[in-house]
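Colleague: Input file: start-v7.txt. Contents: compact mmCIF, C-alpha atoms.
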```txt
# COMPACT_ATOMS: atom_id res chain seq x y z
CA MET A 1 0.00 0.00 0.00
CA ARG A 2 1.16 3.52 -0.73
CA LYS A 3 1.78 5.79 2.21
CA LEU A 4 -0.49 8.82 2.27
CA MET A 5 1.35 11.80 0.80
CA MET A 6 0.91 15.00 2.77
CA ALA A 7 1.71 17.59 0.14
CA GLY A 8 0.21 21.01 -0.43
CA ILE A 9 -1.66 22.55 -3.34
CA SER A 10 -0.21 26.01 -2.78
CA ALA A 11 2.60 27.56 -0.80
CA SER A 12 0.25 28.43 2.05
CA ILE A 13 -0.95 24.85 2.26
CA LEU A 14 2.58 23.44 2.22
CA THR A 15 3.44 25.70 5.12
CA ALA A 16 0.36 24.64 7.09
CA VAL A 17 0.96 20.95 6.56
CA ALA A 18 4.60 21.23 7.53
CA ALA A 19 3.65 23.09 10.69
CA SER A 20 1.03 20.48 11.61
CA GLY A 21 3.58 17.70 11.92
CA ALA A 22 1.25 15.37 10.00
CA SER A 23 2.88 12.15 8.87
CA ALA A 24 2.14 9.33 6.47
CA GLN A 25 -0.12 6.65 7.86
CA ASP A 26 -0.83 3.00 7.10
CA LEU A 27 -4.26 1.39 7.31
CA ILE A 28 -5.26 1.77 10.95
CA PHE A 29 -7.79 -1.11 10.93
CA PRO A 30 -6.65 -4.28 9.12
CA LYS A 31 -8.98 -5.18 6.27
CA GLY A 32 -11.26 -8.09 7.05
CA GLU A 33 -11.39 -7.42 10.79
CA GLY A 34 -14.17 -5.83 12.83
CA ALA A 35 -17.67 -4.77 11.84
CA PHE A 36 -16.55 -2.58 8.94
CA SER A 37 -18.17 -2.79 5.51
CA TRP A 38 -15.21 -4.45 3.82
CA ASP A 39 -17.31 -5.86 0.97
CA ALA A 40 -18.42 -2.35 0.05
CA LEU A 41 -14.79 -1.24 -0.02
CA GLU A 42 -13.84 -4.16 -2.27
CA GLU A 43 -16.68 -3.31 -4.64
CA PHE A 44 -15.51 0.29 -4.76
CA ALA A 45 -11.92 -0.80 -5.45
CA ALA A 46 -13.05 -3.14 -8.26
CA ALA A 47 -15.04 -0.33 -9.89
CA HIS A 48 -12.04 2.03 -9.84
CA GLN A 49 -9.28 -0.05 -11.35
CA GLY A 50 -6.74 1.67 -13.57
CA MET A 51 -6.50 4.90 -11.58
CA GLU A 52 -2.99 4.24 -10.25
CA GLY A 53 -0.72 7.23 -10.53
CA GLN A 54 -3.49 9.83 -10.70
CA SER A 55 -3.35 12.57 -8.09
CA LEU A 56 -5.98 14.25 -5.95
CA SER A 57 -5.66 17.40 -3.87
CA ILE A 58 -8.00 18.06 -0.95
CA TRP A 59 -8.33 21.30 1.00
CA GLY A 60 -10.23 21.04 4.25
CA PRO A 61 -10.90 22.38 7.73
CA TRP A 62 -9.00 19.77 9.76
CA ARG A 63 -5.73 21.50 10.45
CA GLU A 64 -4.11 19.78 13.40
CA GLY A 65 -4.62 17.26 16.16
CA GLY A 66 -7.12 14.44 16.22
CA ASP A 67 -9.44 15.51 13.44
CA GLN A 68 -6.67 15.83 10.86
CA GLU A 69 -5.03 12.59 11.95
CA GLN A 70 -8.34 10.73 11.75
CA PHE A 71 -9.20 12.15 8.34
CA VAL A 72 -5.79 11.02 7.15
CA THR A 73 -6.63 7.47 8.21
CA VAL A 74 -9.77 7.62 6.05
CA LEU A 75 -7.80 8.91 3.05
CA ALA A 76 -5.42 5.99 3.39
CA TYR A 77 -8.24 3.56 2.55
CA PHE A 78 -9.22 5.61 -0.51
CA GLU A 79 -5.64 5.63 -1.73
CA ASP A 80 -5.24 1.92 -1.06
CA ALA A 81 -8.42 1.11 -3.01
CA THR A 82 -7.67 3.28 -6.04
CA GLY A 83 -3.92 3.82 -6.23
CA ILE A 84 -4.55 7.58 -6.38
CA ASP A 85 -1.92 9.77 -4.70
CA VAL A 86 -3.76 12.01 -2.23
CA GLN A 87 -2.55 15.44 -1.19
CA TYR A 88 -4.28 17.05 1.79
CA GLY A 89 -3.79 20.53 3.19
CA SER A 90 -5.31 23.15 5.44
CA SER A 91 -4.46 26.38 7.22
CA GLU A 92 -5.74 28.55 10.03
CA ASN A 93 -7.59 30.76 7.53
CA TYR A 94 -8.52 27.89 5.26
CA GLU A 95 -11.93 29.35 4.29
CA GLN A 96 -10.37 32.53 2.93
CA GLN A 97 -7.54 30.58 1.30
CA ALA A 98 -10.05 28.33 -0.47
CA GLN A 99 -11.60 31.37 -2.12
CA ILE A 100 -8.22 32.94 -2.91
CA ASP A 101 -7.02 29.77 -4.64
CA ALA A 102 -10.30 29.40 -6.53
CA ALA A 103 -10.17 33.02 -7.71
CA ALA A 104 -6.58 32.49 -8.87
CA GLY A 105 -7.58 29.39 -10.83
CA SER A 106 -5.53 27.05 -8.65
CA PRO A 107 -7.96 25.39 -6.23
CA ALA A 108 -7.75 21.90 -4.82
CA ASN A 109 -9.70 19.21 -6.62
CA ILE A 110 -11.84 18.79 -3.50
CA THR A 111 -12.70 21.60 -1.09
CA ILE A 112 -14.50 20.69 2.13
CA LEU A 113 -16.65 23.56 3.38
CA PRO A 114 -17.88 24.19 6.93
CA GLN A 115 -21.26 25.72 6.17
CA PRO A 116 -23.82 26.30 3.41
CA GLY A 117 -23.26 30.05 3.47
CA LEU A 118 -19.71 29.66 2.16
CA LEU A 119 -20.94 27.13 -0.38
CA ALA A 120 -23.48 29.63 -1.71
CA ASP A 121 -20.82 32.34 -1.94
CA MET A 122 -18.41 30.12 -3.88
CA ALA A 123 -21.16 28.70 -6.11
CA SER A 124 -22.34 32.21 -7.01
CA LYS A 125 -18.83 33.00 -8.24
CA GLY A 126 -18.61 29.86 -10.36
CA TYR A 127 -15.98 28.19 -8.18
CA LEU A 128 -17.86 24.89 -7.68
CA VAL A 129 -18.52 21.99 -10.06
CA PRO A 130 -22.10 20.61 -10.22
CA LEU A 131 -22.36 17.02 -9.00
CA GLY A 132 -25.39 16.10 -11.10
CA ASP A 133 -28.79 14.57 -10.55
CA ASP A 134 -27.53 11.05 -9.85
CA MET A 135 -25.48 12.20 -6.87
CA ARG A 136 -28.31 14.42 -5.69
CA GLN A 137 -30.62 11.41 -5.76
CA PHE A 138 -28.05 9.25 -3.96
CA VAL A 139 -27.74 11.73 -1.08
CA SER A 140 -31.51 12.06 -0.85
CA GLU A 141 -31.97 8.29 -0.52
CA ALA A 142 -28.78 7.16 1.25
CA HIS A 143 -28.73 9.66 4.12
CA ALA A 144 -31.10 10.18 7.02
CA ALA A 145 -33.10 13.37 6.42
CA GLY A 146 -31.61 13.18 2.94
CA ASP A 147 -33.78 15.88 1.41
CA SER A 148 -32.62 18.29 4.11
CA LEU A 149 -28.98 17.46 3.33
CA VAL A 150 -29.58 17.86 -0.40
CA SER A 151 -30.91 21.33 0.36
CA LEU A 152 -27.73 22.21 2.28
CA GLY A 153 -25.65 21.25 -0.76
CA THR A 154 -27.80 23.11 -3.27
CA TYR A 155 -27.41 26.69 -4.50
CA ASP A 156 -30.35 28.62 -5.96
CA ASP A 157 -29.09 31.28 -8.34
CA PRO A 158 -30.87 34.63 -8.85
CA ASP A 159 -32.76 33.18 -11.82
CA GLY A 160 -34.22 30.44 -9.64
CA ASN A 161 -32.06 27.61 -10.97
CA ALA A 162 -31.19 25.05 -8.28
CA THR A 163 -27.83 23.28 -8.70
CA PHE A 164 -26.48 20.53 -6.45
CA TYR A 165 -22.81 21.00 -5.48
CA ALA A 166 -21.98 19.19 -2.25
CA VAL A 167 -22.30 15.92 -0.35
CA PRO A 168 -22.45 15.78 3.46
CA TYR A 169 -19.56 14.37 5.43
CA LYS A 170 -19.11 14.47 9.23
CA SER A 171 -22.07 15.83 11.16
CA ASP A 172 -22.36 17.49 14.55
CA LEU A 173 -25.41 17.16 16.79
CA LYS A 174 -26.90 19.92 18.91
CA SER A 175 -30.37 18.61 19.84
CA LEU A 176 -29.27 17.00 23.10
CA VAL A 177 -30.15 17.29 26.79
CA TRP A 178 -27.50 16.09 29.25
CA TYR A 179 -28.35 14.73 32.69
CA SER A 180 -27.11 12.57 35.57
CA PRO A 181 -28.76 9.11 35.51
CA ASP A 182 -28.17 8.77 39.27
CA ASN A 183 -29.90 12.07 40.00
CA PHE A 184 -32.87 11.10 37.83
CA ALA A 185 -33.10 7.68 39.49
CA ASP A 186 -32.86 9.11 43.01
CA ALA A 187 -35.66 11.59 42.31
CA GLY A 188 -37.81 9.09 40.41
CA TYR A 189 -37.65 11.03 37.12
CA GLU A 190 -37.94 9.38 33.72
CA VAL A 191 -36.40 10.55 30.46
CA PRO A 192 -39.08 12.42 28.46
CA THR A 193 -39.87 11.35 24.91
CA THR A 194 -42.04 14.31 23.90
CA LEU A 195 -41.73 18.04 24.44
CA GLU A 196 -44.97 17.96 26.41
CA GLU A 197 -43.37 15.41 28.76
CA LEU A 198 -40.20 17.52 29.03
CA PHE A 199 -42.18 20.59 30.07
CA ALA A 200 -44.19 18.50 32.55
CA LEU A 201 -40.94 17.11 33.95
CA GLN A 202 -39.43 20.54 34.53
CA ASP A 203 -42.62 21.63 36.29
CA GLN A 204 -42.46 18.52 38.49
CA MET A 205 -38.85 19.28 39.35
CA VAL A 206 -39.82 22.76 40.49
CA ALA A 207 -42.70 21.34 42.53
CA ASP A 208 -40.21 18.96 44.19
CA GLY A 209 -37.98 21.86 45.16
CA ASN A 210 -35.39 21.03 42.48
CA THR A 211 -33.98 23.24 39.71
CA PRO A 212 -34.50 21.83 36.21
CA TRP A 213 -31.89 23.61 34.08
CA CYS A 214 -28.34 24.89 34.06
CA ILE A 215 -27.90 27.56 31.37
CA GLY A 216 -24.84 29.72 30.74
CA LEU A 217 -24.46 32.15 27.85
CA GLY A 218 -20.96 33.43 28.62
CA SER A 219 -18.36 32.89 25.91
CA GLY A 220 -16.10 35.95 25.79
CA GLY A 221 -16.66 37.84 22.56
CA ALA A 222 -19.17 35.20 21.47
CA THR A 223 -21.37 35.53 24.57
CA GLY A 224 -24.98 34.68 23.78
CA TRP A 225 -24.56 31.87 21.26
CA PRO A 226 -25.94 29.07 23.54
CA ALA A 227 -29.26 30.94 23.62
CA THR A 228 -29.38 30.97 19.82
CA ASP A 229 -29.08 27.16 19.89
CA TRP A 230 -32.05 27.03 22.25
CA MET A 231 -33.99 29.31 19.89
CA GLU A 232 -33.14 27.18 16.87
CA ASP A 233 -34.10 23.89 18.52
CA LEU A 234 -37.38 25.37 19.77
CA MET A 235 -38.08 26.90 16.36
CA LEU A 236 -37.78 23.47 14.71
CA ARG A 237 -40.20 22.03 17.28
CA THR A 238 -42.75 24.85 17.15
CA HIS A 239 -42.91 25.71 13.46
CA SER A 240 -42.29 24.01 10.14
CA PRO A 241 -38.88 23.48 8.47
CA GLU A 242 -40.06 25.90 5.80
CA ASP A 243 -40.61 28.57 8.45
CA TYR A 244 -37.12 27.86 9.79
CA ASP A 245 -35.62 28.33 6.33
CA ALA A 246 -37.59 31.52 5.79
CA TRP A 247 -36.33 32.82 9.14
CA VAL A 248 -32.74 32.09 8.15
CA SER A 249 -33.16 33.99 4.86
CA ASN A 250 -35.13 36.82 6.51
CA ASP A 251 -38.19 36.10 4.41
CA LEU A 252 -39.77 35.49 7.80
CA LYS A 253 -38.82 38.59 9.74
CA PHE A 254 -37.17 38.36 13.11
CA ASN A 255 -40.01 40.34 14.66
CA ASP A 256 -42.67 38.09 13.18
CA PRO A 257 -45.08 36.75 15.83
CA LYS A 258 -43.81 33.21 15.19
CA ILE A 259 -40.27 34.16 16.18
CA ILE A 260 -41.42 36.19 19.17
CA GLU A 261 -43.45 33.18 20.30
CA VAL A 262 -40.33 30.99 20.25
CA MET A 263 -38.26 33.59 22.10
CA GLU A 264 -40.90 33.84 24.79
CA LEU A 265 -40.97 30.04 25.08
CA PHE A 266 -37.23 30.12 25.76
CA GLY A 267 -37.82 32.99 28.18
CA SER A 268 -40.35 30.93 30.14
CA ILE A 269 -37.34 28.84 31.15
CA ALA A 270 -34.33 31.15 31.09
CA LYS A 271 -36.06 34.13 32.72
CA ASN A 272 -37.73 32.08 35.46
CA ASP A 273 -35.72 32.02 38.70
CA GLU A 274 -37.20 28.64 39.65
CA MET A 275 -36.18 27.04 36.37
CA VAL A 276 -32.46 27.86 36.19
CA ALA A 277 -29.53 27.38 38.51
CA GLY A 278 -28.51 30.65 40.14
CA GLY A 279 -31.72 32.30 39.01
CA ALA A 280 -32.35 34.22 35.82
CA ALA A 281 -29.68 36.78 36.67
CA ALA A 282 -26.98 34.10 36.38
CA VAL A 283 -27.90 32.94 32.87
CA GLY A 284 -26.25 35.76 30.96
CA THR A 285 -23.08 35.81 33.08
CA THR A 286 -22.32 32.12 33.62
CA ASP A 287 -19.68 30.77 31.24
CA PHE A 288 -21.07 28.04 28.97
CA ARG A 289 -18.09 25.83 29.84
CA GLU A 290 -18.92 26.00 33.53
CA SER A 291 -22.71 25.80 33.22
CA PRO A 292 -22.97 21.98 33.08
CA LEU A 293 -21.02 21.56 36.33
CA GLY A 294 -24.23 21.95 38.32
CA LEU A 295 -25.27 18.50 37.12
CA PHE A 296 -22.46 16.99 39.19
CA SER A 297 -22.59 19.02 42.41
CA VAL A 298 -23.91 17.49 45.64
CA PRO A 299 -26.72 18.27 46.00
CA ALA A 300 -27.37 18.83 42.30
CA GLU A 301 -27.73 22.48 41.31
CA CYS A 302 -29.68 21.42 38.23
CA TYR A 303 -30.97 18.26 36.58
CA MET A 304 -30.72 19.03 32.84
CA HIS A 305 -28.43 20.87 30.46
CA HIS A 306 -29.17 21.61 26.79
CA GLN A 307 -25.95 21.55 24.80
CA ALA A 308 -24.26 20.00 21.77
CA SER A 309 -22.31 16.76 21.56
CA PHE A 310 -19.00 18.48 22.39
CA ILE A 311 -19.94 19.52 25.95
CA PRO A 312 -18.52 16.43 27.75
CA SER A 313 -15.10 18.01 27.14
CA PHE A 314 -16.02 20.39 29.97
CA PHE A 315 -17.42 17.83 32.40
CA PRO A 316 -15.39 17.18 35.58
CA GLU A 317 -12.30 15.06 35.09
CA GLY A 318 -13.07 11.39 35.44
CA THR A 319 -16.73 11.68 34.41
CA GLU A 320 -17.79 8.40 32.83
CA LEU A 321 -20.30 8.90 30.02
CA GLY A 322 -23.22 6.54 30.23
CA VAL A 323 -22.72 6.23 33.99
CA ASP A 324 -22.07 9.63 35.60
CA ALA A 325 -23.64 11.55 32.73
CA ASP A 326 -25.84 10.67 29.80
CA PHE A 327 -28.03 12.42 27.24
CA PHE A 328 -31.40 12.21 25.56
CA TYR A 329 -32.80 13.66 22.36
CA PHE A 330 -34.35 17.11 22.82
CA PRO A 331 -37.83 15.88 21.93
CA ALA A 332 -40.47 17.23 19.60
CA TYR A 333 -44.07 18.03 20.39
CA GLU A 334 -46.34 15.02 20.19
CA GLY A 335 -49.22 17.33 19.27
CA LYS A 336 -47.51 18.84 16.22
CA ASP A 337 -46.85 17.01 12.96
CA LEU A 338 -43.18 17.97 12.73
CA GLY A 339 -41.50 14.57 12.90
CA LYS A 340 -38.11 14.32 14.60
CA PRO A 341 -36.17 17.48 13.77
CA VAL A 342 -32.46 17.68 14.52
CA LEU A 343 -30.33 20.81 14.82
CA GLY A 344 -26.70 20.41 13.94
CA ALA A 345 -23.79 21.39 11.80
CA GLY A 346 -21.29 19.61 9.63
CA THR A 347 -19.07 19.78 6.57
CA LEU A 348 -19.86 19.61 2.87
CA ALA A 349 -17.52 18.15 0.24
CA THR A 350 -17.39 19.94 -3.10
CA ILE A 351 -15.40 19.65 -6.33
CA THR A 352 -13.48 22.84 -7.09
CA LYS A 353 -11.25 21.38 -9.83
CA ASP A 354 -12.83 18.57 -11.79
CA SER A 355 -11.07 15.30 -12.49
CA GLU A 356 -11.75 11.58 -12.60
CA ALA A 357 -10.05 11.25 -9.21
CA ALA A 358 -12.24 14.00 -7.73
CA ARG A 359 -15.39 12.24 -8.91
CA ALA A 360 -14.11 8.99 -7.43
CA PHE A 361 -13.54 10.66 -4.07
CA ILE A 362 -17.05 12.14 -3.97
CA GLU A 363 -18.35 8.65 -4.68
CA PHE A 364 -16.10 7.26 -1.93
CA LEU A 365 -17.73 9.54 0.65
CA GLY A 366 -20.95 7.64 -0.01
CA ASN A 367 -19.22 4.34 0.76
CA PRO A 368 -19.79 3.22 4.37
CA ILE A 369 -16.05 2.64 4.92
CA SER A 370 -15.36 6.37 4.48
CA ASN A 371 -17.57 7.00 7.50
CA GLU A 372 -16.90 3.89 9.58
CA ILE A 373 -13.13 4.36 9.79
CA TRP A 374 -13.61 7.74 11.45
CA MET A 375 -16.67 6.62 13.44
CA ALA A 376 -14.49 3.95 15.08
CA GLN A 377 -12.16 6.63 16.44
CA SER A 378 -13.80 9.78 17.83
CA GLY A 379 -15.55 13.03 17.00
CA PHE A 380 -17.43 11.79 13.94
CA LEU A 381 -21.19 11.33 13.52
CA SER A 382 -22.69 9.94 10.33
CA THR A 383 -26.05 10.37 8.58
CA LEU A 384 -25.18 7.66 6.04
CA LYS A 385 -27.71 4.86 6.53
CA ALA A 386 -25.35 2.15 5.23
CA ALA A 387 -22.64 2.96 7.77
CA ASN A 388 -22.64 0.32 10.49
CA THR A 389 -23.40 1.96 13.85
CA GLU A 390 -21.61 -0.95 15.55
CA THR A 391 -18.34 0.59 14.41
CA TYR A 392 -18.76 3.65 16.62
CA GLY A 393 -15.88 3.89 19.07
CA ASN A 394 -18.11 4.13 22.15
CA GLU A 395 -21.74 3.97 23.22
CA THR A 396 -22.05 7.76 23.49
CA LEU A 397 -21.12 8.26 19.85
CA LYS A 398 -23.37 5.38 18.86
CA GLY A 399 -26.34 6.88 20.70
CA GLU A 400 -25.76 10.29 19.13
CA GLY A 401 -25.39 8.70 15.71
CA GLU A 402 -28.68 6.87 16.12
CA ILE A 403 -30.44 10.17 16.88
CA LEU A 404 -29.13 11.50 13.57
CA LEU A 405 -30.29 8.40 11.71
CA GLN A 406 -33.79 8.76 13.16
CA ALA A 407 -34.06 12.43 12.17
CA THR A 408 -36.78 13.39 9.73
CA THR A 409 -35.46 16.93 9.36
CA PHE A 410 -31.88 18.17 9.68
CA ARG A 411 -31.24 21.87 9.83
CA PHE A 412 -27.97 23.75 10.11
CA ASP A 413 -27.36 26.18 12.94
CA ALA A 414 -29.34 29.28 11.93
CA SER A 415 -26.99 31.85 13.42
CA ASP A 416 -24.16 30.44 11.29
CA LEU A 417 -26.26 30.89 8.15
CA MET A 418 -27.40 34.44 8.83
CA PRO A 419 -25.23 37.44 7.90
CA ALA A 420 -22.42 37.73 10.43
CA ALA A 421 -23.66 41.10 11.66
CA VAL A 422 -26.87 39.35 12.69
CA GLY A 423 -26.02 35.71 13.40
CA GLN A 424 -22.79 36.45 15.28
CA GLY A 425 -23.74 39.99 16.24
CA SER A 426 -27.19 41.28 17.10
CA PHE A 427 -28.68 37.80 17.58
CA TRP A 428 -26.04 36.84 20.16
CA SER A 429 -26.15 40.17 22.00
CA GLY A 430 -29.92 40.39 21.71
CA MET A 431 -30.41 37.10 23.52
CA VAL A 432 -28.22 38.38 26.35
CA ASP A 433 -30.40 41.51 26.52
CA PHE A 434 -33.48 39.30 26.54
CA VAL A 435 -32.45 37.16 29.50
CA GLY A 436 -31.33 40.38 31.19
CA GLY A 437 -34.86 41.75 31.16
CA ALA A 438 -35.64 43.16 27.71
CA SER A 439 -38.92 42.04 26.15
CA ALA A 440 -39.05 39.63 23.23
CA GLU A 441 -40.62 42.36 21.07
CA GLU A 442 -37.82 44.82 21.86
CA VAL A 443 -35.09 42.31 21.12
CA ALA A 444 -36.74 41.01 17.96
CA ASN A 445 -37.19 44.54 16.62
CA ASP A 446 -33.55 45.42 17.36
CA ILE A 447 -32.30 42.28 15.58
CA GLN A 448 -34.55 42.95 12.58
CA ASN A 449 -33.32 46.54 12.42
CA SER A 450 -29.72 45.29 12.30
CA TRP A 451 -30.66 42.97 9.43
CA ASP A 452 -32.40 45.77 7.54
CA ALA A 453 -29.32 47.95 7.95
CA ILE A 454 -27.16 45.59 5.86
CA ARG A 455 -29.65 45.18 3.04
```
What would you get if you wrote out this structure as structure tokens?
Modeller:
Amino acid sequence: MRKLMMAGISASILTAVAASGASAQDLIFPKGEGAFSWDALEEFAAAHQGMEGQSLSIWGPWREGGDQEQFVTVLAYFEDATGIDVQYGSSENYEQQAQIDAAAGSPANITILPQPGLLADMASKGYLVPLGDDMRQFVSEAHAAGDSLVSLGTYDDPDGNATFYAVPYKSDLKSLVWYSPDNFADAGYEVPTTLEELFALQDQMVADGNTPWCIGLGSGGATGWPATDWMEDLMLRTHSPEDYDAWVSNDLKFNDPKIIEVMELFGSIAKNDEMVAGGAAAVGTTDFRESPLGLFSVPAECYMHHQASFIPSFFPEGTELGVDADFFYFPAYEGKDLGKPVLGAGTLATITKDSEAARAFIEFLGNPISNEIWMAQSGFLSTLKAANTETYGNETLKGEGEILLQATTFRFDASDLMPAAVGQGSFWSGMVDFVGGASAEEVANDIQNSWDAIR
């Protein structure tokens, strides 16, 4: 087998790769062992004979540490199956560099993008290669919430033409509630399966003299963003996916009654002293990294914490997931016909310089092996139905992955899709003002005014 070549596609990439200390890697899991989809890999290899000696350059977001090392292990299987020499690179400002290289006519064959907003910007400038109807259909059928993921990879031009440019790869999950199983068991609480049950549970906790939630919005210059995640999850559970999309594009105004309703629903928790640890006054000032610690205090300061799949990184040292802490899906209303919506994020793989090798790689990302090799390590969740969930490296990842597979709707973090002045500006700060005492109408009007100002 060839070693994976870590070479750059431009001087900036060469510098970044050299600085990362990345090294060539062999196959990390021997073929034929474990629960991996080896037959699918063999079929892929048989269908891509005669590609030895071709080259493929990939530009992506994984710059250093575990994510880059794990992506490299995935690339090794692609190179082994095809004989294609793979070159991967990244840099601290990789998003800007991707556009600079594309504008100069020297992009990578494959560019992996972090969000649909950047995809739309690059597609509008003609930097992306259409993937065609067959690949669009494959993503629709092969992925959980496939139509939602097709939408993320599609750009609608000003003339109303919809073109499919990107396939999903590596998802992140935000629709989670973390809790202590011991605390629930001691108090006789059961994990809710509907939003009605969740609201009844929090009311029961208050009646028992317990505090349901820990919430912290502090994050330095990004203070406020955890509240936008709450808003987005509640929006997907209160109104339709189409309303969510219209909100993201500002076709549904921020001061529309539907949005104000959702903000007030969040306020019924975050602005209620009985509902949150430390009282409402603590919500806006508590650092998000410290906010889940109340789950583990004795006695417990709170019983639930709404946060994404990354939050265990900030749990007390020695916390055993599945024992000391666990999670459940932030449920949907039983009384609304909205399915099982999931809020998350992820990356999208595009072709920025067409070649036979680039097409082969896009196809490879639909092969279960391309997901399973990373799933078996850490930090990777898959929406690909064919990927074997038994390959997940631990039960926590497996449980999160199963939530993704059961999703009927997948939507990207709204604040990341809105103009930066809104999504990372007035929306963040407005939610801090809201928990600090401002009314939903005041905050919604201020955010809408900030959006109008950039039009």
Colleague: Given the choices A:Asp243, A:Trp213, A:Asn272, A:Pro168, which gets closest to Glu363 in chain A if the distance is worked out from only C-alpha atoms?
Modeller: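 Among the listed residues, A:Pro168 lies closest to Glu363 in chain A.
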Colleague: Excluding same-chain residues fewer than 2 positions from Ala453 in chain A, what lies within 12 Å of it counting all atoms listed in the file, as a tab-separated table (two decimals) with C-alpha atoms, in the coordinates of the input?
Modeller:
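So out18.tsv came out as:
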```tsv
chain	number	residue	atom	x	y	z
A	419	PRO	CA	-25.23	37.44	7.90
A	421	ALA	CA	-23.66	41.10	11.66
A	422	VAL	CA	-26.87	39.35	12.69
A	426	SER	CA	-27.19	41.28	17.10
A	446	ASP	CA	-33.55	45.42	17.36
A	447	ILE	CA	-32.30	42.28	15.58
A	448	GLN	CA	-34.55	42.95	12.58
A	449	ASN	CA	-33.32	46.54	12.42
A	450	SER	CA	-29.72	45.29	12.30
A	451	TRP	CA	-30.66	42.97	9.43
A	455	ARG	CA	-29.65	45.18	3.04
```
Colleague: Would you please work out which residue, of A:Phe410, A:Thr352, A:Met122, A:Thr319, is nearest to Pro107 in chain A when using all atoms listed in the file?
Modeller: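 Of A:Phe410, A:Thr352, A:Met122, A:Thr319, the one nearest Pro107 in chain A is A:Thr352, counting all atoms listed in the file.
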Colleague: Around (-28.5, 35.3, -12.4) in the file's frame, which residues reach within 12 Å when counting all atoms listed in the file? Return as a count of residues only?
Modeller: 12
Colleague: Would you please work out which residue, of A:Asp433, A:Asp186, A:Glu320, A:Glu442, is nearest to Asn394 in chain A when using only C-alpha atoms?
Modeller: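 Once distances to Asn394 in chain A are computed over only C-alpha atoms, the minimum belongs to A:Glu320.
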Colleague: Quick one: distance from CA of Tyr77 in chain A to CA of Ser370 in chain A in Å, one decimal?
Modeller: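 Interatomic distance, CA of Tyr77 in chain A to CA of Ser370 in chain A: 7.9 Å.
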Colleague: Using all atoms listed in the file, which residue out of A:Gly346, A:Pro226, A:Pro299, A:Pro316 lies closest to Val435 in chain A?
Modeller: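 Of the candidates, the smallest distance to Val435 in chain A is held by A:Pro226.
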Colleague: Mind checking which residues fall within 10 Å of Thr409 in chain A, counting only C-alpha atoms, ignoring those fewer than 2 positions away in the same chain, and posting them as a list in words?
Modeller: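 These residues fall inside the cut-off: Ala144, Ala145, Gly146, Asp147, Ser148, Leu149, Leu236, Ser240, Pro241, Leu338, Gly339, Lys340, Pro341, Val342, Leu343, Leu404, Gln406, Ala407 and Arg411 of chain A.
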Colleague: Would you list the residues near (-29.2, 11.8, 31.8), meaning any protein, DNA or RNA residue with an atom at most 9 Å from that point in file coordinates, counting all atoms listed in the file, as a PyMOL selection string?
Modeller: chain A and resi 177-184+191+303-304+322-328
Colleague: Measuring atom to atom with all atoms listed in the file, identify which of A:Ala166, A:Met431, A:Leu365, A:Ile260 is nearest to Gly132 in chain A.
Modeller: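 Looking only at the distances to Gly132 in chain A, the closest residue turns out to be A:Ala166.
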Colleague: For Gly379 in chain A, please output as an MDAnalysis selection string all residues within 10 Å (counting only C-alpha atoms; exclusion window: fewer than 6 positions along the same chain).
Modeller: chainID A and resid 66:67 70 170:172 309:310 392:393 397
Colleague: Go ahead and write the selection's residues with C-alpha atoms as a tab-separated table (two decimals), keeping the file's coordinate frame.
Modeller:
```tsv
chain	number	residue	atom	x	y	z
A	66	GLY	CA	-7.12	14.44	16.22
A	67	ASP	CA	-9.44	15.51	13.44
A	70	GLN	CA	-8.34	10.73	11.75
A	170	LYS	CA	-19.11	14.47	9.23
A	171	SER	CA	-22.07	15.83	11.16
A	172	ASP	CA	-22.36	17.49	14.55
A	309	SER	CA	-22.31	16.76	21.56
A	310	PHE	CA	-19.00	18.48	22.39
A	392	TYR	CA	-18.76	3.65	16.62
A	393	GLY	CA	-15.88	3.89	19.07
A	397	LEU	CA	-21.12	8.26	19.85
```
Colleague: Which residue gives the smallest distance to Ala308 in chain A among A:Ala40, A:Leu113, A:Leu176, A:Ala270, with only C-alpha atoms counted?
Modeller: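 For Ala308 in chain A, the nearest of the given residues is A:Leu176.
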Colleague: Any idea what the distance is between CA of Thr238 in chain A and CA of Glu261 in chain A?
Modeller: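 Distance between the two atoms: 8.9 Å.
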Colleague: For Ala360 in chain A, find every residue with an atom within 9 Å (counting all atoms listed in the file), except residues of its own chain fewer than 4 positions away, and show them as a list in words.
Modeller: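 Close residues of Ala360 in chain A: His48, Thr82, Ser355, Glu356, Phe364 and Leu365 of chain A.
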Colleague: Applying 12 Å and only C-alpha atoms, which residues near range 196-203 of chain A remain after dropping the ones on its own chain fewer than 5 positions away? List them as JSON, numbers by chain.
Modeller: {"A": [177, 184, 187, 188, 189, 190, 191, 208, 209, 210, 211, 212, 213, 214, 237, 238, 265, 266, 268, 269, 272, 274, 275, 276, 302, 303, 304, 305, 306, 328, 329, 330, 331, 332, 333, 334, 335, 336]}
